[in-house]
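Enquirer: Dropping in entry.txt, which is compact mmCIF, C-alpha atoms and all ligand atoms:
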# COMPACT_ATOMS: atom_id res chain seq x y z
CA MET A 1463 -3.28 39.25 22.17
CA THR A 1464 0.13 38.14 20.87
CA GLY A 1465 2.53 40.72 22.18
CA SER A 1466 5.27 41.03 19.54
CA GLY A 1467 6.48 44.48 18.65
CA LYS A 1468 6.72 43.79 14.90
CA ALA A 1469 3.03 43.46 14.08
CA LEU A 1470 1.88 44.91 10.74
CA LEU A 1471 -1.69 45.03 12.00
CA ARG A 1472 -2.68 45.38 15.65
CA VAL A 1473 -6.39 45.15 16.43
CA GLU A 1474 -7.68 45.81 19.94
CA ASP A 1475 -11.27 45.29 21.07
CA LEU A 1476 -12.60 46.37 17.67
CA ALA A 1477 -16.36 46.84 17.32
CA VAL A 1478 -18.68 47.51 14.38
CA HIS A 1479 -22.28 48.04 15.42
CA PHE A 1480 -25.03 48.98 12.95
CA ARG A 1481 -28.21 50.65 14.13
CA ALA A 1482 -31.12 48.30 13.40
CA ASP A 1483 -33.99 50.41 14.78
CA ARG A 1484 -34.51 53.03 17.48
CA LYS A 1485 -33.45 50.70 20.27
CA ARG A 1486 -31.39 47.93 18.83
CA PHE A 1487 -27.98 47.48 17.24
CA VAL A 1488 -26.60 44.71 15.07
CA ARG A 1489 -23.36 43.93 16.88
CA ALA A 1490 -21.64 42.51 13.81
CA VAL A 1491 -18.11 42.82 15.25
CA ASN A 1492 -18.11 42.87 19.00
CA GLY A 1493 -14.66 43.07 20.57
CA VAL A 1494 -12.07 41.56 18.24
CA SER A 1495 -8.38 41.62 19.14
CA PHE A 1496 -5.46 40.11 17.25
CA GLU A 1497 -2.14 40.87 15.65
CA LEU A 1498 -0.86 40.03 12.20
CA LEU A 1499 2.82 39.87 11.34
CA PRO A 1500 4.29 40.99 8.01
CA GLY A 1501 4.03 38.16 5.48
CA GLU A 1502 1.67 36.13 7.63
CA THR A 1503 -1.52 34.49 6.36
CA LEU A 1504 -4.47 34.42 8.75
CA GLY A 1505 -7.62 32.46 7.96
CA LEU A 1506 -10.87 33.91 9.29
CA VAL A 1507 -13.63 31.33 9.60
CA GLY A 1508 -17.05 31.01 11.20
CA GLU A 1509 -20.68 30.57 10.25
CA SER A 1510 -22.49 32.93 7.91
CA GLY A 1511 -23.30 36.24 9.63
CA CYS A 1512 -20.59 36.00 12.33
CA GLY A 1513 -18.99 39.25 11.12
CA LYS A 1514 -16.06 38.17 8.93
CA SER A 1515 -16.75 40.53 6.01
CA THR A 1516 -17.67 43.41 8.31
CA LEU A 1517 -14.35 42.98 10.13
CA GLY A 1518 -12.42 42.77 6.84
CA ARG A 1519 -14.03 45.94 5.49
CA ALA A 1520 -13.51 47.81 8.76
CA LEU A 1521 -9.79 46.96 8.77
CA LEU A 1522 -9.34 48.59 5.36
CA ARG A 1523 -11.68 51.50 6.20
CA LEU A 1524 -14.07 50.30 3.51
CA GLY A 1525 -16.68 50.05 6.26
CA PRO A 1526 -17.34 51.73 9.60
CA ILE A 1527 -15.58 51.21 12.94
CA THR A 1528 -17.64 52.02 16.02
CA GLY A 1529 -15.29 51.06 18.84
CA GLY A 1530 -11.85 49.83 19.80
CA SER A 1531 -8.73 50.45 17.79
CA ALA A 1532 -6.77 49.07 14.86
CA TYR A 1533 -3.31 50.10 13.74
CA PHE A 1534 -1.80 49.23 10.37
CA ASP A 1535 1.88 49.99 9.94
CA GLY A 1536 1.55 52.61 12.67
CA ILE A 1537 -1.56 54.24 11.14
CA ASP A 1538 -4.58 54.57 13.40
CA ILE A 1539 -7.17 53.05 11.04
CA ALA A 1540 -10.23 54.29 12.92
CA GLY A 1541 -8.93 57.82 13.39
CA ALA A 1542 -7.08 58.19 10.06
CA ASP A 1543 -7.39 61.52 8.27
CA ALA A 1544 -7.29 61.81 4.46
CA THR A 1545 -3.50 61.35 4.43
CA GLY A 1546 -3.73 58.26 6.64
CA ILE A 1547 -6.46 56.77 4.46
CA ALA A 1548 -4.43 57.50 1.32
CA HIS A 1549 -1.50 55.65 2.93
CA LEU A 1550 -3.80 52.75 3.80
CA ARG A 1551 -5.03 52.61 0.17
CA ARG A 1552 -1.44 52.50 -1.09
CA GLU A 1553 -0.43 49.65 1.21
CA THR A 1554 -3.52 47.44 1.30
CA ALA A 1555 -5.99 45.84 -1.09
CA MET A 1556 -9.08 43.71 -1.02
CA ILE A 1557 -9.98 40.79 -3.27
CA PHE A 1558 -13.69 40.14 -3.48
CA GLN A 1559 -15.87 37.09 -3.92
CA ASP A 1560 -17.48 38.00 -7.22
CA PRO A 1561 -14.74 38.63 -9.75
CA TYR A 1562 -17.18 40.07 -12.31
CA ASN A 1563 -18.69 42.62 -9.94
CA ALA A 1564 -15.32 43.68 -8.62
CA LEU A 1565 -14.22 44.94 -12.04
CA ASN A 1566 -15.64 47.83 -14.07
CA PRO A 1567 -17.63 46.08 -16.85
CA ARG A 1568 -16.83 48.84 -19.37
CA LEU A 1569 -13.08 48.79 -18.86
CA PRO A 1570 -10.75 46.26 -20.54
CA ILE A 1571 -8.78 44.52 -17.80
CA GLY A 1572 -5.45 45.97 -18.92
CA ALA A 1573 -6.91 49.46 -18.52
CA ALA A 1574 -8.37 48.50 -15.12
CA ILE A 1575 -4.92 47.49 -13.89
CA ALA A 1576 -3.32 50.59 -15.47
CA GLU A 1577 -5.87 52.77 -13.67
CA VAL A 1578 -4.67 51.54 -10.27
CA LEU A 1579 -1.04 52.16 -11.24
CA ALA A 1580 -1.85 55.70 -12.43
CA VAL A 1581 -3.70 56.58 -9.20
CA GLN A 1582 -1.06 55.07 -6.99
CA GLY A 1583 1.75 56.92 -8.74
CA LYS A 1584 4.63 54.59 -7.82
CA VAL A 1585 5.29 53.71 -11.49
CA PRO A 1586 6.16 56.54 -13.94
CA ARG A 1587 3.53 57.00 -16.68
CA ALA A 1588 5.86 55.73 -19.38
CA GLY A 1589 6.36 52.50 -17.47
CA ILE A 1590 2.69 51.70 -16.86
CA GLN A 1591 2.10 49.47 -19.92
CA ALA A 1592 5.15 47.36 -19.15
CA ARG A 1593 4.09 47.01 -15.52
CA VAL A 1594 0.55 45.96 -16.59
CA ALA A 1595 2.10 43.21 -18.73
CA GLU A 1596 4.32 42.17 -15.83
CA LEU A 1597 1.39 42.00 -13.40
CA MET A 1598 -0.69 40.01 -15.87
CA ALA A 1599 2.16 37.55 -16.33
CA MET A 1600 2.54 37.29 -12.56
CA VAL A 1601 -1.07 36.12 -12.15
CA GLY A 1602 -0.89 33.83 -15.19
CA LEU A 1603 -2.89 35.94 -17.67
CA SER A 1604 -1.78 36.04 -21.28
CA PRO A 1605 -0.99 39.63 -22.39
CA ASP A 1606 -3.44 39.45 -25.31
CA LEU A 1607 -6.31 39.38 -22.79
CA ALA A 1608 -5.48 42.97 -21.78
CA ASP A 1609 -7.98 44.39 -24.28
CA ARG A 1610 -10.88 42.23 -23.14
CA ARG A 1611 -13.69 43.42 -20.93
CA PRO A 1612 -14.68 41.27 -17.92
CA ALA A 1613 -17.73 39.82 -19.71
CA ALA A 1614 -15.41 38.28 -22.31
CA LEU A 1615 -13.37 36.45 -19.66
CA SER A 1616 -13.97 33.35 -17.56
CA GLY A 1617 -14.55 33.60 -13.79
CA GLY A 1618 -11.02 32.38 -13.10
CA GLN A 1619 -9.49 34.90 -15.53
CA CYS A 1620 -11.51 37.70 -13.92
CA GLN A 1621 -10.34 36.69 -10.46
CA ARG A 1622 -6.73 36.68 -11.71
CA ALA A 1623 -7.33 40.19 -13.08
CA GLY A 1624 -8.77 41.20 -9.68
CA ILE A 1625 -5.64 39.84 -7.98
CA ALA A 1626 -3.40 41.69 -10.48
CA ARG A 1627 -5.26 44.91 -9.62
CA ALA A 1628 -4.76 44.22 -5.93
CA LEU A 1629 -1.05 43.52 -6.47
CA ALA A 1630 -0.65 46.68 -8.56
CA VAL A 1631 -0.55 48.75 -5.38
CA GLU A 1632 2.30 46.56 -4.08
CA PRO A 1633 0.39 46.06 -0.87
CA LYS A 1634 1.75 44.87 2.44
CA LEU A 1635 -1.67 43.47 3.31
CA ILE A 1636 -4.41 41.90 1.22
CA ILE A 1637 -7.78 40.91 2.60
CA ALA A 1638 -9.41 38.24 0.43
CA ASP A 1639 -13.10 37.78 1.18
CA GLU A 1640 -14.35 34.40 -0.10
CA CYS A 1641 -12.22 35.06 -3.17
CA VAL A 1642 -12.48 31.54 -4.59
CA ALA A 1643 -16.01 30.65 -3.45
CA ALA A 1644 -17.63 31.59 -6.78
CA LEU A 1645 -15.16 29.60 -8.90
CA ASP A 1646 -15.15 25.99 -10.13
CA VAL A 1647 -13.17 23.63 -7.91
CA SER A 1648 -10.29 23.17 -10.38
CA ILE A 1649 -10.00 26.95 -10.88
CA GLN A 1650 -10.15 27.45 -7.09
CA ALA A 1651 -7.07 25.25 -6.75
CA GLN A 1652 -5.21 27.31 -9.37
CA ILE A 1653 -6.04 30.59 -7.64
CA ILE A 1654 -5.00 29.19 -4.24
CA ASN A 1655 -1.70 28.00 -5.73
CA LEU A 1656 -1.23 31.46 -7.19
CA LEU A 1657 -1.83 33.08 -3.78
CA ILE A 1658 0.64 30.67 -2.14
CA GLU A 1659 3.27 31.60 -4.73
CA LEU A 1660 2.63 35.33 -4.54
CA LYS A 1661 2.64 35.59 -0.78
CA SER A 1662 6.04 33.94 -0.52
CA GLN A 1663 7.46 36.02 -3.40
CA MET A 1664 6.18 39.35 -2.11
CA ASN A 1665 6.15 38.91 1.67
CA LEU A 1666 2.45 39.73 1.58
CA ALA A 1667 0.34 39.54 4.69
CA LEU A 1668 -3.02 38.02 3.87
CA ILE A 1669 -6.29 37.77 5.75
CA PHE A 1670 -8.16 34.99 4.05
CA ILE A 1671 -11.89 34.89 4.80
CA ALA A 1672 -13.41 31.56 3.82
CA HIS A 1673 -16.05 28.96 4.50
CA ASP A 1674 -13.88 26.29 2.98
CA LEU A 1675 -11.81 24.83 5.80
CA GLY A 1676 -9.79 22.63 3.43
CA VAL A 1677 -8.50 25.72 1.63
CA VAL A 1678 -7.80 27.52 4.91
CA ARG A 1679 -5.77 24.55 6.10
CA ARG A 1680 -3.65 24.58 2.94
CA LEU A 1681 -3.05 28.29 2.74
CA CYS A 1682 -2.98 29.81 6.22
CA ASP A 1683 -0.28 30.03 8.89
CA ARG A 1684 -2.83 30.78 11.61
CA VAL A 1685 -6.58 30.62 11.83
CA ALA A 1686 -9.08 32.68 13.83
CA VAL A 1687 -12.52 31.25 14.51
CA MET A 1688 -15.30 33.83 14.89
CA TYR A 1689 -18.61 33.42 16.64
CA LEU A 1690 -21.15 36.27 16.84
CA GLY A 1691 -18.66 39.04 16.27
CA ARG A 1692 -15.82 37.68 18.43
CA ILE A 1693 -12.77 35.53 17.97
CA VAL A 1694 -13.32 32.48 20.17
CA GLU A 1695 -10.17 30.59 19.19
CA MET A 1696 -7.01 31.50 17.36
CA GLY A 1697 -3.82 29.58 16.81
CA ARG A 1698 -1.49 27.93 14.33
CA THR A 1699 -3.59 26.30 11.65
CA GLU A 1700 -2.35 22.78 12.32
CA ASP A 1701 -2.95 23.12 16.07
CA VAL A 1702 -6.49 24.42 15.61
CA PHE A 1703 -7.37 21.74 13.06
CA SER A 1704 -5.74 18.80 14.82
CA ASP A 1705 -6.55 19.71 18.41
CA PRO A 1706 -9.32 22.34 18.61
CA GLN A 1707 -9.98 23.59 22.14
CA HIS A 1708 -13.11 25.75 22.10
CA PRO A 1709 -16.38 23.76 22.00
CA TYR A 1710 -17.49 25.77 18.95
CA THR A 1711 -14.28 25.00 17.05
CA LYS A 1712 -14.62 21.35 17.99
CA ALA A 1713 -18.14 21.33 16.55
CA LEU A 1714 -16.98 22.99 13.34
CA MET A 1715 -14.13 20.55 12.90
CA ARG A 1716 -16.31 17.56 13.70
CA ALA A 1717 -18.79 18.70 11.06
CA ILE A 1718 -16.21 18.50 8.26
CA PRO A 1719 -16.77 15.15 6.62
CA GLU A 1720 -13.49 13.25 6.59
CA ILE A 1721 -14.02 11.89 3.13
CA ASP A 1722 -14.41 15.39 1.73
CA PRO A 1723 -12.15 17.74 3.69
CA ASP A 1724 -12.60 20.48 1.11
CA ARG A 1725 -16.27 20.93 1.91
CA GLY A 1726 -17.33 24.23 3.40
CA LEU A 1727 -18.60 25.04 6.85
CA PRO A 1728 -22.04 23.72 7.62
CA ASN A 1729 -24.42 26.60 8.31
CA ASP A 1730 -25.60 25.10 11.54
CA PRO A 1731 -22.98 22.67 12.85
CA LEU A 1732 -24.59 22.38 16.26
CA GLY A 1733 -28.31 22.58 15.76
CA GLY A 1734 -30.25 24.94 18.00
CA GLU A 1735 -31.26 28.49 17.23
CA PRO A 1736 -29.12 30.18 14.61
CA PRO A 1737 -27.31 33.06 16.28
CA SER A 1738 -28.39 36.67 15.73
CA PRO A 1739 -26.06 39.62 16.22
CA LEU A 1740 -29.20 41.66 17.02
CA ASP A 1741 -29.84 39.69 20.15
CA ILE A 1742 -26.57 38.36 21.53
CA PRO A 1743 -27.14 36.05 24.52
CA PRO A 1744 -25.78 37.25 27.90
CA GLY A 1745 -22.72 35.60 29.40
CA CYS A 1746 -20.90 33.65 26.74
CA ALA A 1747 -22.68 34.26 23.41
CA PHE A 1748 -22.19 30.61 22.51
CA HIS A 1749 -23.79 29.19 25.67
CA PRO A 1750 -27.25 28.32 24.24
CA ARG A 1751 -25.63 25.91 21.77
CA CYS A 1752 -22.64 24.75 23.78
CA PRO A 1753 -22.44 21.06 24.65
CA ALA A 1754 -20.18 21.89 27.61
CA VAL A 1755 -22.25 24.77 29.06
CA MET A 1756 -21.79 25.55 32.79
CA PRO A 1757 -23.85 27.90 35.01
CA ILE A 1758 -21.19 30.62 34.82
CA CYS A 1759 -21.49 30.68 31.01
CA ARG A 1760 -25.09 31.97 31.23
CA GLN A 1761 -24.12 34.98 33.35
CA ASP A 1762 -20.52 36.04 33.11
CA PRO A 1763 -19.04 37.57 29.98
CA VAL A 1764 -16.25 35.44 28.55
CA PRO A 1765 -12.85 36.58 29.73
CA ALA A 1766 -10.28 37.78 27.23
CA THR A 1767 -8.61 35.03 25.27
CA ARG A 1768 -5.78 33.18 26.96
CA PHE A 1769 -3.13 30.78 25.75
CA ILE A 1770 -4.04 27.12 26.16
CA ASN A 1771 -1.86 24.54 24.43
CA ALA A 1772 -0.44 27.18 22.04
CA CYS A 1773 -3.91 28.46 21.02
CA GLU A 1774 -5.75 31.54 22.27
CA ILE A 1775 -9.16 30.63 23.62
CA ALA A 1776 -12.09 32.66 24.95
CA CYS A 1777 -14.08 30.15 27.01
CA HIS A 1778 -15.06 29.73 30.66
CA LEU A 1779 -13.88 26.13 30.55
CA TYR A 1780 -10.37 27.53 30.71
CA ASP A 1781 -10.99 30.17 33.40
CA ASP A 1782 -8.88 28.61 36.09
CA PRO A 1783 -5.19 28.58 35.20
CA GLN A 1784 -4.77 25.69 37.65
CA THR A 1785 -7.27 23.55 35.72
CA ASN A 1786 -5.94 20.37 34.25
CA HIS A 1787 -6.85 21.07 30.64
CA GLN A 1788 -6.28 17.55 29.48
CA SER A 1789 -9.05 16.32 31.74
CA THR A 1790 -11.24 19.27 30.76
CA ARG A 1791 -10.81 18.34 27.12
CA GLU A 1792 -11.66 14.74 27.82
CA ARG A 1793 -14.78 15.90 29.65
CA ILE A 1794 -16.08 18.01 26.80
CA HIS A 1795 -15.14 15.42 24.17
CA ALA A 1796 -17.42 12.90 25.85
N1 LIG B 1 -24.44 47.66 6.57
C1 LIG B 1 -25.04 46.84 7.43
N2 LIG B 1 -26.15 47.24 8.12
C2 LIG B 1 -26.74 46.43 9.01
N3 LIG B 1 -26.34 45.17 9.29
C3 LIG B 1 -25.26 44.71 8.62
C4 LIG B 1 -24.56 45.51 7.67
N4 LIG B 1 -23.52 44.78 7.18
C5 LIG B 1 -23.58 43.57 7.80
N5 LIG B 1 -24.62 43.53 8.66
C6 LIG B 1 -25.00 42.42 9.53
O1 LIG B 1 -23.85 42.10 10.30
C7 LIG B 1 -23.78 40.70 10.52
C8 LIG B 1 -22.43 40.20 10.04
O2 LIG B 1 -22.41 40.26 8.62
P1 LIG B 1 -21.15 39.84 7.74
O3 LIG B 1 -21.52 40.07 6.33
O4 LIG B 1 -19.97 40.53 8.26
O5 LIG B 1 -21.05 38.28 8.06
P2 LIG B 1 -20.10 37.19 7.39
O6 LIG B 1 -19.45 36.45 8.50
O7 LIG B 1 -19.24 37.83 6.37
O8 LIG B 1 -21.17 36.22 6.69
P3 LIG B 1 -21.01 35.36 5.32
O9 LIG B 1 -20.20 34.16 5.70
O10 LIG B 1 -22.42 34.99 4.99
O11 LIG B 1 -20.37 36.22 4.29
C9 LIG B 1 -24.96 40.08 9.79
O12 LIG B 1 -26.02 39.90 10.72
C10 LIG B 1 -25.33 41.15 8.78
O13 LIG B 1 -26.70 41.08 8.47
MG MG B 2 -19.05 37.63 4.32
Please express what this file holds, its structure, as structure tokens.
Expert:
Amino acid sequence: MTGSGKALLRVEDLAVHFRADRKRFVRAVNGVSFELLPGETLGLVGESGCGKSTLGRALLRLGPITGGSAYFDGIDIAGADATGIAHLRRETAMIFQDPYNALNPRLPIGAAIAEVLAVQGKVPRAGIQARVAELMAMVGLSPDLADRRPAALSGGQCQRAGIARALAVEPKLIIADECVAALDVSIQAQIINLLIELKSQMNLALIFIAHDLGVVRRLCDRVAVMYLGRIVEMGRTEDVFSDPQHPYTKALMRAIPEIDPDRGLPNDPLGGEPPSPLDIPPGCAFHPRCPAVMPICRQDPVPATRFINACEIACHLYDDPQTNHQSTRERIHA
């Protein structure tokens, strides 16, 4: 999609299909392409089941890849051998939704952070304790919590410990999958502030998977909207929020109540049948629920995304480059 030569992550037509039975596949990720620059934060949003977590896991080789390609820092993620995967582990990390489950319940958090440092080998053994203290300070944890096990900590403290573990590898890329969803609202804000601070300090690239559009708007430079395993719209966060182009994005944005912008995505913003990646409709996958559906949408696969008003859109409404998009937008707003 964006054609800069400096991308940290370059994803091209990536697919993750799971076999459901003898004949059918769950097409969880079904042709995703994008690039991520060093230090950039990309929000990944879309209804439950659209493939966000599957994509995130595939990109870190924590889950399978069944088609397409993805390159991180020059490493072919899908085809990586043990050395390539070891490199990927040293340069990337994931932060999970459930901070308690993400940590070993038997290990005090200081030891859990030290374990990552020992495996990664960038810090000499004698320096590990000092680095653990430094990482804990960085995420706002008092050093006397180092001896506590996860069960003796609050959810917010556990998530900070999870972030410290992720930072221990000094990653270039972190993928955070709903990493504040399980926390109280006030703690969520603290963790988001921490991420904002850390990413600017460390030039971290971040893929931030979230239902909460308010948080995405605060944190992310760009946002990608997924529908049934594909990115349907991607652009600078402010552009996508203030002037969404794809009918699905418009529906999502319209469904955010103005009085409570921090509310999450509605599970069914449009009504109609909830989508199933087992049975993806022909043509444009969104056509059965699209308020602007045209005959072509029922038959022809959606073309690759193209730039419209600074966003990348995959939608037949924008097929003809000669189209006057302003009038198209007015038409589908009606
Ligand atoms: N290991 C698996 N085997 C079979 N199907 C799977 C597997 N993992 C995920 N899926 C299916 O792939 C689809 C996408 O799932 P995924 O968890 O990536 O969605 P998501 O966008 O992260 O949803 P949520 O917002 O609820 O977390 C779903 O239909 C899910 O049931
Ligand atoms: Mg998920």
Enquirer: Dump the neighbourhood of ligand LIG 1 (chain B) as a ChimeraX atom specification: all residues within 10 Å, distances computed on all atoms listed in the file.
Expert: /A:1478-1482,1487-1491,1506-1520,1525-1526,1559,1639-1640,1671-1673,1688-1691,1727,1729,1737-1740
Enquirer: So, with only C-alpha atoms as the atoms that count, which of A:Ala1469, A:Val1601, A:Met1664, A:Ala1574 lies closest to Gln1619 in chain A?
Expert: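 Among the listed residues, A:Val1601 lies closest to Gln1619 in chain A.
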Enquirer: Please enclose the listed atoms of range 1584-1601 of chain A in an axis-aligned box, pad each side by 6 Å, and write out the centre and the three edge lengths in Å, rounded to one decimal, as lines of an AutoDock Vina configuration file.
Expert:
center_x = 2.6
center_y = 46.6
center_z = -13.9
size_x = 19.4
size_y = 32.9
size_z = 24.1
Enquirer: Restricting the calculation to only C-alpha atoms: of A:Thr1767, A:Gln1591, A:Ser1648, A:Thr1528, which residue gets closest to Gln1707 in chain A?
Expert: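 Checking each of A:Thr1767, A:Gln1591, A:Ser1648, A:Thr1528 against Gln1707 in chain A, counting only C-alpha atoms, the winner is A:Thr1767.
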Enquirer: For Lys1712 in chain A, which of A:Asn1771, A:Gly1617, A:Pro1753, A:Val1677 is the closest residue, counting only C-alpha atoms?
Expert: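 Among the listed residues, A:Pro1753 lies closest to Lys1712 in chain A.
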Enquirer: Using all atoms listed in the file, can you tell me which of A:Gly1602, A:Gly1745, A:Gly1697, A:Gly1583 comes closest to Glu1659 in chain A?
Expert: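 Nearest to Glu1659 in chain A: A:Gly1602.
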Enquirer: Applying 12 Å and only C-alpha atoms, which residues near Ala1608 in chain A remain after dropping the ones on its own chain fewer than 3 positions away? List them as a PDB file with C-alpha atoms, in the coordinates of the input.
Expert:
ATOM      1  CA  LEU A1569     -13.080  48.790 -18.860  1.00  0.00           C
ATOM      2  CA  PRO A1570     -10.750  46.260 -20.540  1.00  0.00           C
ATOM      3  CA  ILE A1571      -8.780  44.520 -17.800  1.00  0.00           C
ATOM      4  CA  GLY A1572      -5.450  45.970 -18.920  1.00  0.00           C
ATOM      5  CA  ALA A1573      -6.910  49.460 -18.520  1.00  0.00           C
ATOM      6  CA  ALA A1574      -8.370  48.500 -15.120  1.00  0.00           C
ATOM      7  CA  ILE A1575      -4.920  47.490 -13.890  1.00  0.00           C
ATOM      8  CA  ALA A1576      -3.320  50.590 -15.470  1.00  0.00           C
ATOM      9  CA  GLN A1591       2.100  49.470 -19.920  1.00  0.00           C
ATOM     10  CA  ALA A1592       5.150  47.360 -19.150  1.00  0.00           C
ATOM     11  CA  VAL A1594       0.550  45.960 -16.590  1.00  0.00           C
ATOM     12  CA  ALA A1595       2.100  43.210 -18.730  1.00  0.00           C
ATOM     13  CA  GLU A1596       4.320  42.170 -15.830  1.00  0.00           C
ATOM     14  CA  LEU A1597       1.390  42.000 -13.400  1.00  0.00           C
ATOM     15  CA  MET A1598      -0.690  40.010 -15.870  1.00  0.00           C
ATOM     16  CA  ALA A1599       2.160  37.550 -16.330  1.00  0.00           C
ATOM     17  CA  LEU A1603      -2.890  35.940 -17.670  1.00  0.00           C
ATOM     18  CA  SER A1604      -1.780  36.040 -21.280  1.00  0.00           C
ATOM     19  CA  PRO A1605      -0.990  39.630 -22.390  1.00  0.00           C
ATOM     20  CA  ARG A1611     -13.690  43.420 -20.930  1.00  0.00           C
ATOM     21  CA  PRO A1612     -14.680  41.270 -17.920  1.00  0.00           C
ATOM     22  CA  ALA A1614     -15.410  38.280 -22.310  1.00  0.00           C
ATOM     23  CA  LEU A1615     -13.370  36.450 -19.660  1.00  0.00           C
ATOM     24  CA  GLN A1619      -9.490  34.900 -15.530  1.00  0.00           C
ATOM     25  CA  CYS A1620     -11.510  37.700 -13.920  1.00  0.00           C
ATOM     26  CA  ARG A1622      -6.730  36.680 -11.710  1.00  0.00           C
ATOM     27  CA  ALA A1623      -7.330  40.190 -13.080  1.00  0.00           C
ATOM     28  CA  ALA A1626      -3.400  41.690 -10.480  1.00  0.00           C
TER      29      ALA A1626
END
Enquirer: Point out the residue among A:Val1678, A:Ala1477, A:Phe1670, A:Thr1545 with the least atom-to-atom distance to ligand MG 2 (chain B), counting all atoms listed in the file.
Expert: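 The shortest atom-to-atom distance to ligand MG 2 (chain B) comes from A:Phe1670.
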Enquirer: Find the distance between CA of Ile1649 in chain A and CA of Ala1667 in chain A and write it in Å to one decimal.
Expert: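 Atom-to-atom, CA of Ile1649 in chain A and CA of Ala1667 in chain A are spaced 22.5 Å apart.
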Enquirer: Which residue gives the smallest distance to ligand MG 2 (chain B) among A:Leu1470, A:Leu1668, A:Ala1713, A:Ala1643, with all atoms listed in the file counted?
Expert: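 Of all the options, A:Ala1643 lies closest to ligand MG 2 (chain B).
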Enquirer: Contacts of Gly1501 in chain A at 7 Å or less, counting only C-alpha atoms, minus same-chain residues fewer than 4 places along, as a list in words?
Expert: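 Skipping anything fewer than 4 positions along the chain leaves Lys1661, Asn1665, Leu1666 and Ala1667 of chain A.
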Enquirer: With all atoms listed in the file as the counted atoms, please give the residues lying no more than 9 Å from Gln1582 in chain A, apart from itself and same-chain residues fewer than 3 positions off, as a list in words.
Expert: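 Here the answer would be Arg1551, Arg1552, Glu1577, Val1578, Leu1579, Val1585, Ala1630 and Val1631 of chain A.
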Enquirer: If I take CA of Gly1546 in chain A and CA of Arg1593 in chain A, how far is one from the other in Å, to one decimal?
Expert: 26.1 Å
Enquirer: Can you measure CA of Gln1761 in chain A to CA of Pro1744 in chain A for me? One decimal in Å is fine.
Expert: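 About the pair CA of Gln1761 in chain A and CA of Pro1744 in chain A: they are 6.1 Å apart.
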